[in-house]
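Q: Here it is, the structure in full.
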Amino acid sequence: MIAKSFALSLVRLKWSAIIKTSKVAGKTLFSKYLLITNVTISTSLSGIGDTLQQQYEILTGDNPNQTWNKKRTVDMSATGTVVGVICHFWYNWLDKRLPGKTFKIVLKKLLVDQVIFSPFLIAVFFGTVGVLEQMSTAEVLEEIKAKAWRLYAAEWVVWPPAQLINFYLLPTRFRVLYDNTISLGYDVYTSYVKHDKT
């Protein structure tokens with residue numbers, strides 16, 4: 001009985017230490033190292049989104065010899081790095097430019113985000129992948145003309161409700177984390193649109 005009680009005390013103590021360490025790490029990651037945290041999350045989830053899309057293509061595709069294209073995942077992860085940096089500074093700028101969380105301010109943030117920032121970020125995405133794939137400027141512009149509208153239309157379905165929550169409920173330091181959590185599904189779709197040959 002004493003041994004069992006001692007073991008339970010050790011387990012509680014261990015969990016207590018884990019929780020305390022997690023809280024300290026979370027505070028550090030989302031304050032002192034916020035840019036690194038945001039970029040790491042964005043890079044990782046962009047790569048995971050592409051990996052999920054490729055696995056779907058392998059399982060449902062017509063080509064039985066298709067395998068995971070690691071370079072494609074690295075390229076998509078690199079776009080996550082670029083987008084993560086931009087989003088980090090964008091959310092900080094937006095919250096300084098439009099401070100507050102009233103419904104009117106949140107709607108202004110949402111409108112600016114959707115009308116100005118979304119098209120810009122989609123162009124950055126295609127431009128980044130174009131550079132990594134050594135496409136010419138004309139090829140990148142052609143791909144933007146052919147495919148960007150699909151991503152932008154999807155953004156109007158996904159992001160307005162998500163960003164209402166983001167802008168109304170969350171502090172600035174958690175915006176990129178939340179954005180990327182929602183974005184995992186969107187990243188799968190982004191990978192599909194980017195690599196769709198039809």
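Chain lettering (A, B, ...) mirrors the order of the structure tokens, residue numbering begins at 1 for each chain separately, and ligand numbering begins at 1 in order of display.
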List as a PDB file with N, CA, C and O atoms, in the first residue's frame the protein and nucleic acid residues near region 192-197 of chain A, meaning an atom at most 7 Å away when only C-alpha atoms are counted, but skip any in the same chain fewer than 4 places from it.
A:
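Everything below was put into result36.pdb:
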ATOM      1  N   GLN A  53      -1.842  15.534 -49.070  1.00  0.00           N
ATOM      2  CA  GLN A  53      -2.381  15.593 -50.434  1.00  0.00           C
ATOM      3  C   GLN A  53      -1.705  14.561 -51.326  1.00  0.00           C
ATOM      4  O   GLN A  53      -2.359  13.876 -52.101  1.00  0.00           O
ATOM      5  N   LYS A 147      -4.728  29.582 -61.884  1.00  0.00           N
ATOM      6  CA  LYS A 147      -5.064  28.855 -60.657  1.00  0.00           C
ATOM      7  C   LYS A 147      -5.390  29.714 -59.441  1.00  0.00           C
ATOM      8  O   LYS A 147      -6.058  29.236 -58.520  1.00  0.00           O
ATOM      9  N   VAL A 188      -3.762  21.456 -47.785  1.00  0.00           N
ATOM     10  CA  VAL A 188      -3.996  20.273 -48.614  1.00  0.00           C
ATOM     11  C   VAL A 188      -4.599  20.721 -49.945  1.00  0.00           C
ATOM     12  O   VAL A 188      -4.146  20.308 -51.019  1.00  0.00           O
TER      13      VAL A 188
END
Q: Write out as CSV a residue-level contact list of region 65-176 of chain A versus region 42-51 of chain A with cut-off 7 Å: for each qualifying residue the closest pair of atoms and the distance in Å to one decimal, counting only C-alpha atoms, rows sorted by chain and residue number upward.
A:
residue,atom,partner,partner_atom,distance
A:Thr73,CA,A:Gly47,CA,5.3
A:Val74,CA,A:Gly47,CA,6.7
A:Met76,CA,A:Gly47,CA,5.8
A:Ser77,CA,A:Gly47,CA,4.4
A:Ala78,CA,A:Thr43,CA,6.4
A:Gly80,CA,A:Thr43,CA,4.2
A:Thr81,CA,A:Thr43,CA,4.7
A:Gly84,CA,A:Ser42,CA,5.1
Q: I'd like to know which of A:Ser136, A:Gln54, A:Thr67, A:Thr172 is closest to Tyr189 (chain A), using only C-alpha atoms.
A: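 Closest to Tyr189 (chain A) of all the choices is A:Gln54.
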Q: Give me the residues near Lys101 (chain A) as an MDAnalysis selection string, where near means some atom within 8 Å (using only C-alpha atoms) and where sequence neighbours in that chain fewer than 4 positions away do not count.
A: chainID A and resid 105:106 167:169
Q: Please produce a file of those selected residues containing N, CA, C and O atoms, as a CSV table (one decimal), in the first residue's frame.
A:
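That gives us again00.csv:
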chain,number,residue,atom,x,y,z
A,105,ILE,N,-14.4,47.0,-35.8
A,105,ILE,CA,-12.9,46.9,-36.0
A,105,ILE,C,-12.6,45.5,-36.6
A,105,ILE,O,-11.9,45.3,-37.5
A,106,VAL,N,-13.3,44.5,-36.0
A,106,VAL,CA,-13.1,43.1,-36.5
A,106,VAL,C,-13.5,43.0,-38.0
A,106,VAL,O,-12.8,42.3,-38.8
A,167,PHE,N,-9.7,37.4,-35.0
A,167,PHE,CA,-9.6,38.8,-34.7
A,167,PHE,C,-10.4,39.2,-33.5
A,167,PHE,O,-10.0,40.1,-32.8
A,168,TYR,N,-11.5,38.5,-33.2
A,168,TYR,CA,-12.3,38.8,-32.1
A,168,TYR,C,-11.9,38.2,-30.7
A,168,TYR,O,-11.9,38.8,-29.7
A,169,LEU,N,-11.4,37.0,-30.8
A,169,LEU,CA,-11.1,36.2,-29.5
A,169,LEU,C,-9.6,36.1,-29.2
A,169,LEU,O,-9.3,36.0,-28.0
Q: What is the CA of Arg175 (chain A) to CA of Asp95 (chain A) distance in Å?
A: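 Answer for the CA of Arg175 (chain A) to CA of Asp95 (chain A) separation: 10.4 Å.
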Q: Hey, what's within 10 Å of Trp156 (chain A) if we count only C-alpha atoms and toss same-chain stuff fewer than 4 positions away? As a PyMOL selection string, please?
A: chain A and resi 114-115+118+151-152+160-161
Q: Considering only C-alpha atoms, state which residue in the set A:Glu155, A:Asp179, A:Asp75, A:Glu57 is at the smallest distance from Val131 (chain A).
A: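 Smallest separation from Val131 (chain A) among the options: A:Asp75.
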Q: Using Å and a single decimal, report how far CA of Phe120 (chain A) sits from CA of Leu141 (chain A).
A: 13.2 Å
Q: Just asking: which residues within region 44-148 of chain A are helix (DSSP H, G or I) according to DSSP, as a ChimeraX atom specification?
A: /A:44-60,70-97,103-132,137-148
Q: Tell me which of A:Ile86, A:Leu52, A:Ala153, A:Val112 sits closest to Ser191 (chain A), counting only C-alpha atoms.
A: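 So, comparing all the options, the nearest one is A:Leu52.
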Q: Considering only C-alpha atoms, state which residue in the set A:Leu34, A:Asn166, A:Trp90, A:Val83 is at the smallest distance from Asp187 (chain A).
A: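 Of all the options, A:Val83 lies closest to Asp187 (chain A).
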Q: Give me, as a CSV table (one decimal) with N, CA, C and O atoms, in the first residue's frame, all polymer residues having an atom no more than 8 Å from Asn38 (chain A), counting only C-alpha atoms and skipping those fewer than 2 positions away in the same chain.
A:
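Final output, saved to part_14.csv:
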chain,number,residue,atom,x,y,z
A,34,LEU,N,8.5,34.4,-30.7
A,34,LEU,CA,7.3,34.4,-31.5
A,34,LEU,C,7.5,34.2,-33.0
A,34,LEU,O,6.9,33.4,-33.6
A,35,LEU,N,8.4,35.0,-33.5
A,35,LEU,CA,8.7,34.9,-35.0
A,35,LEU,C,9.2,33.4,-35.3
A,35,LEU,O,8.6,32.8,-36.3
A,36,ILE,N,10.1,32.9,-34.6
A,36,ILE,CA,10.6,31.6,-34.9
A,36,ILE,C,9.5,30.5,-34.7
A,36,ILE,O,9.3,29.6,-35.5
A,40,THR,N,8.1,28.3,-37.8
A,40,THR,CA,8.2,26.8,-37.6
A,40,THR,C,6.9,26.1,-37.8
A,40,THR,O,6.8,25.1,-38.5
A,41,ILE,N,5.9,26.7,-37.2
A,41,ILE,CA,4.5,26.1,-37.3
A,41,ILE,C,4.1,26.2,-38.8
A,41,ILE,O,3.6,25.2,-39.3
A,42,SER,N,4.2,27.3,-39.4
A,42,SER,CA,3.8,27.5,-40.8
A,42,SER,C,4.5,26.6,-41.7
A,42,SER,O,3.9,25.9,-42.6
A,84,GLY,N,4.8,32.2,-43.4
A,84,GLY,CA,4.9,32.4,-42.0
A,84,GLY,C,5.5,33.7,-41.5
A,84,GLY,O,5.0,34.3,-40.6
A,85,VAL,N,6.6,34.0,-42.2
A,85,VAL,CA,7.3,35.3,-41.9
A,85,VAL,C,6.3,36.5,-42.2
A,85,VAL,O,6.1,37.4,-41.4
A,88,HIS,N,3.3,36.7,-39.8
A,88,HIS,CA,3.8,37.1,-38.5
A,88,HIS,C,3.8,38.7,-38.4
A,88,HIS,O,3.2,39.3,-37.5
A,176,VAL,N,-1.1,33.5,-35.7
A,176,VAL,CA,-0.5,32.6,-36.7
A,176,VAL,C,-0.7,31.2,-36.4
A,176,VAL,O,-0.9,30.3,-37.3
A,177,LEU,N,-0.6,30.8,-35.1
A,177,LEU,CA,-0.8,29.4,-34.7
A,177,LEU,C,-2.3,29.0,-35.1
A,177,LEU,O,-2.5,28.0,-35.7
Q: Restricting the calculation to only C-alpha atoms, which member of A:Leu184, A:Ile144, A:Ile165, A:Phe103 is positioned closest to Val124 (chain A)?
A: A:Ile144
